[in-house]
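**Student:** Dropping the structure in here first, questions after.
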Amino acid sequence: MSTNEAQARFTKEMQKDYTILIPNMAPLHFELLRALFNAYGYHVELLRSDGQAVIDAGLKYVHNDTCYPALLAIGQLMHALESGEYDLAHTAVMITQTGGGCRASNYIHLLRKALKKAGLERIPVISLNLSGLEKGSAFKLTLPILKEAVALLSYADMLMILGNQVRPYEVNPGDADQLIHQWIQRLSEQIVAGHPTKFDQLRQTLSEISTSFANIPVQRTPKVRVGVVGEVYAKFSPLANNHLEEFLRSQDCEVMLPGLMGFLMFKVDNRLEDIKLYGGSRAKALLVRFLIKYLSNIESVFLDSIRVTRQFSVPASYMQIKEMVRGVIGYGSKMGEGWFLTGEMLELISHGYENIVCCQPFGCLPNHIVGKGMIRKIKAKNPIANIVPIDYDPGATRVNQENRIKLMLAVARERLEAAYPAPAAEA
């Protein structure tokens, strides 16, 4: 290990006075994770920079053929480091690292290369991963942190899903956004280091969130309902998808983004599928089954909390989605978002969101297979499916992307008008 590389490690002494910068993927989810890390004594700042300046910073330090999410995440970090807003002698950066066959496994190496190019190799780099990578860092994902993180992800999923189901029908525009802000503040304040959320508390909080959204005055009118799926960064990040949710709402649509919890369960369940297909230790299989059961229990509480108000569309469970893809795509297809992306499209269609935008970084081979590559098969199974795949990369223009989406929405509006014809004008 070189001296520079050793100095670039995040040490325990740095925890007191270092600011850790993290790129923003899913705004609600990452805001709660930021609060969690801060509750455990770290000083984490969630970057909210946006626009062409971030893309230009990414293109400056990352090859333009590299995965678009990597370019944006690194661009956001480098843009912040060069902004003059931070004391670089007391700043660290954090980035996710997936492991496996995804290009995301190389994000951290690309980031270190970018830092070296900028003469900032002294900046410590923290890898956020569950694969045992980059073990030298003093930043640790302990069991209490992981348990609390899972609870917070379920809260963020609830806020996102119910907010999207209420926002288009509000009697008082802005009620849902104000409620989300209040819940983010409340949830952030109730995090106590070393005391992760218990199941009873989880059930109570999720029920309170659901009830609070059910109490928002709404006027339900027929609207085009659009589901959003795709590569996880392109799907959730407004920076990556050119503020897709905002655009769809501006077109008078109800938007549905499936939550992160299902994707987390998919990543855990993949370990079990590997053992079934290729063999593996019995101890590892028992551990994975325990984790799936734990996550399924949280998911069950989550779905029951939505169901009890009888006002909202309740997503399918992970196991129901897994059953939906049986005979459509194999469970061994697990690179990127794997068969789960196909499953999310099938699940959305079954819940009345047959109009779907599939977001994918240009050149992301797994997502071109399980996303765009499965559209024909999905349409053969569900003729009402109205799916448009959208590629995102530095060279793709926002106007072109939105025009393609508008063509999909034109078909959706024709179907909506046929299902809900306007009343005849009086003579």
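Identifiers in this document derive from the order of the structure tokens: chains are assigned A, B, ..., residues are numbered from 1 separately in each chain, and ligands are numbered from 1 in order of occurrence.
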Excluding His43 (chain A) and any residue of its chain fewer than 2 positions from it, enumerate the residues within 7 Å of it, using only C-alpha atoms, and give them as a PyMOL selection string.
**Tutor:** chain A and resi 18-20+38+41+45
**Student:** Any chance you can output those residues with N, CA, C and O atoms as a PDB file, in the first residue's frame?
**Tutor:**
```
ATOM      1  N   TYR A  18     -14.165  15.966  10.903  1.00  0.00           N
ATOM      2  CA  TYR A  18     -14.220  15.875   9.440  1.00  0.00           C
ATOM      3  C   TYR A  18     -15.669  15.922   8.951  1.00  0.00           C
ATOM      4  O   TYR A  18     -16.557  15.311   9.557  1.00  0.00           O
ATOM      5  N   THR A  19     -15.891  16.635   7.861  1.00  0.00           N
ATOM      6  CA  THR A  19     -17.187  16.623   7.179  1.00  0.00           C
ATOM      7  C   THR A  19     -17.146  15.567   6.086  1.00  0.00           C
ATOM      8  O   THR A  19     -16.211  15.553   5.262  1.00  0.00           O
ATOM      9  N   ILE A  20     -18.122  14.677   6.094  1.00  0.00           N
ATOM     10  CA  ILE A  20     -18.209  13.624   5.080  1.00  0.00           C
ATOM     11  C   ILE A  20     -19.261  14.024   4.051  1.00  0.00           C
ATOM     12  O   ILE A  20     -20.429  14.225   4.393  1.00  0.00           O
ATOM     13  N   ASN A  38     -25.281  11.059  11.367  1.00  0.00           N
ATOM     14  CA  ASN A  38     -24.966  12.170  12.270  1.00  0.00           C
ATOM     15  C   ASN A  38     -25.290  11.814  13.719  1.00  0.00           C
ATOM     16  O   ASN A  38     -24.584  12.223  14.644  1.00  0.00           O
ATOM     17  N   GLY A  41     -22.505  10.187  15.543  1.00  0.00           N
ATOM     18  CA  GLY A  41     -21.279  10.930  15.787  1.00  0.00           C
ATOM     19  C   GLY A  41     -20.496  11.365  14.571  1.00  0.00           C
ATOM     20  O   GLY A  41     -19.442  11.988  14.702  1.00  0.00           O
ATOM     21  N   GLU A  45     -22.784  15.446   5.253  1.00  0.00           N
ATOM     22  CA  GLU A  45     -23.537  16.453   4.501  1.00  0.00           C
ATOM     23  C   GLU A  45     -23.995  15.849   3.181  1.00  0.00           C
ATOM     24  O   GLU A  45     -23.196  15.289   2.426  1.00  0.00           O
TER      25      GLU A  45
END
```
**Student:** Would you mind telling me which residue in A:Ala149, A:Leu277, A:Ala380, A:Leu260 lies nearest to Leu33 (chain A) when using only C-alpha atoms?
**Tutor:**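 Residue with the minimum atom-to-atom distance to Leu33 (chain A): A:Ala149.
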**Student:** Expressed in Å to a single decimal, how great is the separation between CA of Glu402 (chain A) and CA of Leu365 (chain A)?
**Tutor:**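 That distance, rounded to one decimal, is 22.8 Å.
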**Student:** Go through region 113-153 of chain A residue by residue and, counting only C-alpha atoms, keep those with an atom at most 8 Å from region 190-210 of chain A; for each kept residue give the shortest atom pair and its distance in Å to one decimal, ordered by chain and increasing number, as CSV.
**Tutor:**
```
residue,atom,partner,partner_atom,distance
A:Pro144,CA,A:Pro196,CA,5.7
A:Ile145,CA,A:Pro196,CA,7.2
A:Lys147,CA,A:Pro196,CA,6.1
A:Glu148,CA,A:Pro196,CA,4.8
A:Ala151,CA,A:Thr197,CA,6.8
```
**Student:** If we count only C-alpha atoms, what is near Gly51 (chain A) at a cut-off of 12 Å, once residues fewer than 5 positions away on the same chain are taken out, given as a ChimeraX atom specification?
**Tutor:** /A:56-58,72,75-76,79,238-243,394,398
**Student:** Export all heavy atoms of the chosen residues as a short mmCIF file (atom, residue, chain, number, x, y, z; two decimals), in the first residue's frame?
**Tutor:**
```
data_model
loop_
_atom_site.label_atom_id
_atom_site.label_comp_id
_atom_site.auth_asym_id
_atom_site.auth_seq_id
_atom_site.Cartn_x
_atom_site.Cartn_y
_atom_site.Cartn_z
N ASP A 56 -20.60 18.70 -15.98
CA ASP A 56 -19.30 19.13 -16.50
C ASP A 56 -18.16 18.67 -15.60
O ASP A 56 -17.09 18.26 -16.09
CB ASP A 56 -19.27 20.65 -16.63
CG ASP A 56 -20.17 21.16 -17.75
OD1 ASP A 56 -20.53 20.35 -18.63
OD2 ASP A 56 -20.53 22.36 -17.74
N ALA A 57 -18.38 18.72 -14.28
CA ALA A 57 -17.36 18.25 -13.35
C ALA A 57 -17.13 16.75 -13.53
O ALA A 57 -15.99 16.26 -13.48
CB ALA A 57 -17.77 18.56 -11.91
N GLY A 58 -18.22 16.00 -13.75
CA GLY A 58 -18.09 14.57 -13.98
C GLY A 58 -17.34 14.27 -15.27
O GLY A 58 -16.46 13.39 -15.31
N LEU A 72 -22.10 11.14 -12.61
CA LEU A 72 -22.84 12.15 -11.85
C LEU A 72 -22.44 12.15 -10.38
O LEU A 72 -22.27 13.21 -9.77
CB LEU A 72 -24.34 11.91 -11.98
CG LEU A 72 -24.94 12.16 -13.36
CD1 LEU A 72 -26.43 11.84 -13.35
CD2 LEU A 72 -24.72 13.60 -13.81
N GLY A 75 -19.05 13.50 -10.19
CA GLY A 75 -19.14 14.91 -10.57
C GLY A 75 -19.68 15.76 -9.44
O GLY A 75 -19.21 16.87 -9.19
N GLN A 76 -20.68 15.24 -8.72
CA GLN A 76 -21.26 15.99 -7.61
C GLN A 76 -20.22 16.18 -6.49
O GLN A 76 -20.13 17.26 -5.89
CB GLN A 76 -22.49 15.25 -7.08
CG GLN A 76 -23.47 16.13 -6.34
CD GLN A 76 -24.79 15.43 -6.06
OE1 GLN A 76 -24.84 14.23 -5.79
NE2 GLN A 76 -25.88 16.19 -6.13
N HIS A 79 -17.38 18.59 -7.81
CA HIS A 79 -17.93 19.94 -7.88
C HIS A 79 -17.95 20.57 -6.49
O HIS A 79 -17.61 21.75 -6.31
CB HIS A 79 -19.34 19.90 -8.48
CG HIS A 79 -20.02 21.23 -8.55
ND1 HIS A 79 -20.89 21.67 -7.57
CD2 HIS A 79 -19.96 22.22 -9.47
CE1 HIS A 79 -21.35 22.87 -7.89
NE2 HIS A 79 -20.80 23.23 -9.04
N PRO A 238 -33.19 12.88 -9.16
CA PRO A 238 -33.64 13.95 -10.06
C PRO A 238 -32.51 14.46 -10.94
O PRO A 238 -32.74 14.87 -12.08
CB PRO A 238 -34.14 15.04 -9.09
CG PRO A 238 -34.46 14.32 -7.82
CD PRO A 238 -33.44 13.21 -7.74
N LEU A 239 -31.28 14.45 -10.42
CA LEU A 239 -30.14 14.87 -11.22
C LEU A 239 -29.95 13.95 -12.41
O LEU A 239 -29.68 14.41 -13.53
CB LEU A 239 -28.88 14.87 -10.34
CG LEU A 239 -27.53 15.08 -11.03
CD1 LEU A 239 -27.47 16.45 -11.71
CD2 LEU A 239 -26.38 14.93 -10.04
N ALA A 240 -30.10 12.65 -12.19
CA ALA A 240 -29.85 11.67 -13.26
C ALA A 240 -30.98 11.64 -14.29
O ALA A 240 -30.73 11.49 -15.49
CB ALA A 240 -29.66 10.28 -12.67
N ASN A 241 -32.24 11.76 -13.83
CA ASN A 241 -33.37 11.62 -14.77
C ASN A 241 -34.00 12.95 -15.15
O ASN A 241 -35.14 13.00 -15.62
CB ASN A 241 -34.43 10.66 -14.21
CG ASN A 241 -35.01 11.14 -12.88
OD1 ASN A 241 -35.22 12.33 -12.66
ND2 ASN A 241 -35.30 10.19 -11.99
N ASN A 242 -33.23 14.03 -15.00
CA ASN A 242 -33.71 15.36 -15.39
C ASN A 242 -35.05 15.70 -14.75
O ASN A 242 -35.97 16.18 -15.41
CB ASN A 242 -33.79 15.48 -16.91
CG ASN A 242 -32.42 15.63 -17.56
OD1 ASN A 242 -31.53 16.24 -16.98
ND2 ASN A 242 -32.24 15.05 -18.74
N HIS A 243 -35.14 15.43 -13.46
CA HIS A 243 -36.33 15.78 -12.67
C HIS A 243 -37.61 15.18 -13.31
O HIS A 243 -38.59 15.87 -13.54
CB HIS A 243 -36.46 17.29 -12.52
CG HIS A 243 -35.32 17.89 -11.74
ND1 HIS A 243 -35.39 18.11 -10.38
CD2 HIS A 243 -34.07 18.28 -12.12
CE1 HIS A 243 -34.24 18.63 -9.96
NE2 HIS A 243 -33.42 18.73 -11.00
N PRO A 394 -24.61 11.92 -20.75
CA PRO A 394 -24.28 13.33 -20.93
C PRO A 394 -24.70 13.89 -22.29
O PRO A 394 -24.93 15.09 -22.42
CB PRO A 394 -22.75 13.35 -20.78
CG PRO A 394 -22.40 12.13 -20.04
CD PRO A 394 -23.41 11.11 -20.42
N ARG A 398 -32.52 16.80 -22.77
CA ARG A 398 -33.74 16.72 -21.98
C ARG A 398 -34.98 16.86 -22.87
O ARG A 398 -35.98 16.18 -22.66
CB ARG A 398 -33.72 17.82 -20.92
CG ARG A 398 -34.90 17.82 -19.98
CD ARG A 398 -34.67 18.77 -18.82
NE ARG A 398 -35.76 18.75 -17.87
CZ ARG A 398 -35.70 19.30 -16.67
NH1 ARG A 398 -34.58 19.92 -16.28
NH2 ARG A 398 -36.72 19.26 -15.84
#
```
**Student:** Just want the 9 Å neighbourhood of Phe10 (chain A), counted on only C-alpha atoms, with same-chain residues fewer than 3 positions away dropped. Output as a PyMOL selection string.
**Tutor:** chain A and resi 7+13-15+92+123-126+136-139
**Student:** A:Lys284, A:Lys322, A:Lys140, A:Arg289: which is nearest Phe263 (chain A), counting only C-alpha atoms?
**Tutor:** A:Lys322
**Student:** Compile a residue-level contact table for region 141-252 of chain A against region 356-359 of chain A at a cut-off of 9 Å, reporting for every qualifying residue the shortest atom pair and its distance in Å to one decimal, with only C-alpha atoms counted, rows ordered by chain and ascending number, as a Markdown table.
**Tutor:**
```
| residue | atom | partner | partner_atom | distance |
| --- | --- | --- | --- | --- |
| A:Arg225 | CA | A:Ile356 | CA | 8.6 |
| A:Val226 | CA | A:Ile356 | CA | 5.4 |
| A:Gly227 | CA | A:Ile356 | CA | 4.6 |
| A:Val228 | CA | A:Val357 | CA | 5.0 |
| A:Val229 | CA | A:Cys358 | CA | 4.9 |
| A:Gly230 | CA | A:Cys359 | CA | 4.4 |
| A:Glu231 | CA | A:Cys359 | CA | 6.3 |
| A:Val232 | CA | A:Cys359 | CA | 8.7 |
| A:Ala234 | CA | A:Cys359 | CA | 5.8 |
| A:Lys235 | CA | A:Cys359 | CA | 5.8 |
| A:Asn241 | CA | A:Cys359 | CA | 7.3 |
```
**Student:** From the DSSP assignment of the backbone, select every residue of region 51-252 of chain A that is strand (DSSP E), and format the answer as a list of chain:residue names.
**Tutor:** A:Thr91, A:Ala92, A:Val93, A:Met94, A:Ile95, A:Thr96, A:Val125, A:Ile126, A:Ser127, A:Leu128, A:Val224, A:Arg225, A:Val226, A:Gly227, A:Val228, A:Val229, A:Gly230
**Student:** Pull all heavy atoms from the residues just selected and write them as a compact mmCIF listing (two decimals), in the first residue's frame.
**Tutor:**
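What landed in selection13.txt:
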```
# COMPACT_ATOMS: atom_id res chain seq x y z
N THR A 91 -12.10 17.27 5.24
CA THR A 91 -13.23 16.79 4.44
C THR A 91 -12.94 15.39 3.92
O THR A 91 -11.83 15.11 3.46
CB THR A 91 -13.51 17.73 3.25
OG1 THR A 91 -13.79 19.05 3.73
CG2 THR A 91 -14.70 17.24 2.43
N ALA A 92 -13.94 14.52 4.00
CA ALA A 92 -13.87 13.17 3.42
C ALA A 92 -15.05 13.01 2.47
O ALA A 92 -16.00 13.79 2.50
CB ALA A 92 -13.91 12.11 4.52
N VAL A 93 -14.99 12.00 1.64
CA VAL A 93 -16.08 11.73 0.70
C VAL A 93 -16.52 10.28 0.84
O VAL A 93 -15.72 9.40 1.18
CB VAL A 93 -15.68 12.03 -0.76
CG1 VAL A 93 -15.44 13.51 -0.96
CG2 VAL A 93 -14.44 11.23 -1.17
N MET A 94 -17.80 10.04 0.60
CA MET A 94 -18.35 8.69 0.70
C MET A 94 -19.06 8.35 -0.60
O MET A 94 -19.72 9.20 -1.21
CB MET A 94 -19.35 8.62 1.86
CG MET A 94 -20.00 7.24 2.03
SD MET A 94 -21.32 7.25 3.28
CE MET A 94 -20.36 7.47 4.76
N ILE A 95 -18.93 7.10 -1.01
CA ILE A 95 -19.61 6.64 -2.22
C ILE A 95 -19.99 5.17 -2.05
O ILE A 95 -19.31 4.42 -1.34
CB ILE A 95 -18.72 6.84 -3.47
CG1 ILE A 95 -19.55 6.79 -4.75
CG2 ILE A 95 -17.57 5.85 -3.50
CD1 ILE A 95 -18.83 7.36 -5.96
N THR A 96 -21.09 4.76 -2.65
CA THR A 96 -21.53 3.37 -2.54
C THR A 96 -20.68 2.49 -3.45
O THR A 96 -20.14 2.92 -4.46
CB THR A 96 -23.01 3.23 -2.93
OG1 THR A 96 -23.19 3.77 -4.25
CG2 THR A 96 -23.91 3.97 -1.96
N VAL A 125 -11.43 8.57 1.34
CA VAL A 125 -12.58 8.02 0.60
C VAL A 125 -13.18 6.88 1.41
O VAL A 125 -12.47 5.96 1.82
CB VAL A 125 -12.15 7.52 -0.78
CG1 VAL A 125 -13.34 6.93 -1.52
CG2 VAL A 125 -11.53 8.65 -1.60
N ILE A 126 -14.49 6.96 1.64
CA ILE A 126 -15.20 5.93 2.40
C ILE A 126 -16.09 5.15 1.45
O ILE A 126 -16.87 5.72 0.69
CB ILE A 126 -16.07 6.57 3.51
CG1 ILE A 126 -15.20 7.39 4.46
CG2 ILE A 126 -16.85 5.50 4.28
CD1 ILE A 126 -16.00 8.26 5.41
N SER A 127 -16.00 3.83 1.49
CA SER A 127 -16.85 2.96 0.68
C SER A 127 -18.04 2.51 1.51
O SER A 127 -17.88 1.92 2.58
CB SER A 127 -16.07 1.73 0.21
OG SER A 127 -16.93 0.77 -0.36
N LEU A 128 -19.25 2.81 1.03
CA LEU A 128 -20.46 2.35 1.69
C LEU A 128 -20.92 1.07 1.01
O LEU A 128 -21.46 1.11 -0.11
CB LEU A 128 -21.55 3.43 1.61
CG LEU A 128 -22.80 3.23 2.47
CD1 LEU A 128 -22.45 3.30 3.95
CD2 LEU A 128 -23.86 4.26 2.14
N VAL A 224 -53.95 10.31 -15.70
CA VAL A 224 -53.01 9.33 -16.24
C VAL A 224 -52.07 8.90 -15.12
O VAL A 224 -51.50 9.73 -14.42
CB VAL A 224 -52.19 9.93 -17.41
CG1 VAL A 224 -51.08 8.98 -17.82
CG2 VAL A 224 -53.10 10.23 -18.59
N ARG A 225 -51.95 7.60 -14.94
CA ARG A 225 -51.11 7.05 -13.89
C ARG A 225 -49.86 6.46 -14.52
O ARG A 225 -49.94 5.62 -15.42
CB ARG A 225 -51.87 5.99 -13.09
CG ARG A 225 -53.20 6.49 -12.55
CD ARG A 225 -54.00 5.36 -11.91
NE ARG A 225 -53.56 5.09 -10.56
CZ ARG A 225 -53.93 4.01 -9.86
NH1 ARG A 225 -54.70 3.08 -10.43
NH2 ARG A 225 -53.52 3.84 -8.61
N VAL A 226 -48.69 6.93 -14.05
CA VAL A 226 -47.42 6.55 -14.66
C VAL A 226 -46.50 5.94 -13.61
O VAL A 226 -46.27 6.52 -12.55
CB VAL A 226 -46.72 7.77 -15.30
CG1 VAL A 226 -45.41 7.35 -15.96
CG2 VAL A 226 -47.63 8.45 -16.31
N GLY A 227 -45.98 4.76 -13.91
CA GLY A 227 -44.98 4.13 -13.07
C GLY A 227 -43.58 4.42 -13.58
O GLY A 227 -43.38 4.61 -14.80
N VAL A 228 -42.62 4.50 -12.68
CA VAL A 228 -41.22 4.75 -13.06
C VAL A 228 -40.36 3.61 -12.53
O VAL A 228 -40.39 3.30 -11.33
CB VAL A 228 -40.72 6.09 -12.49
CG1 VAL A 228 -39.24 6.29 -12.84
CG2 VAL A 228 -41.55 7.26 -13.02
N VAL A 229 -39.63 2.98 -13.42
CA VAL A 229 -38.71 1.90 -13.04
C VAL A 229 -37.35 2.18 -13.67
O VAL A 229 -37.19 3.16 -14.39
CB VAL A 229 -39.23 0.52 -13.50
CG1 VAL A 229 -40.57 0.20 -12.87
CG2 VAL A 229 -39.33 0.46 -15.04
N GLY A 230 -36.39 1.30 -13.42
CA GLY A 230 -35.11 1.44 -14.10
C GLY A 230 -33.93 1.20 -13.19
O GLY A 230 -34.08 0.73 -12.05
```
**Student:** Calculate how many Å separate CA of Pro389 (chain A) from CA of Glu414 (chain A), rounding to one decimal.
**Tutor:**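 Taking CA of Pro389 (chain A) and CA of Glu414 (chain A), their separation equals 20.0 Å.
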**Student:** Please determine, counting only C-alpha atoms, which residue among A:Phe247, A:Trp183, A:Tyr233, A:Tyr331 has the shortest atom-to-atom distance to Cys67 (chain A).
**Tutor:**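 Checking each of A:Phe247, A:Trp183, A:Tyr233, A:Tyr331 against Cys67 (chain A), counting only C-alpha atoms, the winner is A:Tyr233.
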**Student:** Output as a ChimeraX atom specification all residues of region 132-316 of chain A that backbone DSSP marks as alpha helix (DSSP H).
**Tutor:** /A:143-166,175-189,199-214,232-236,244-250,260-278,282-307
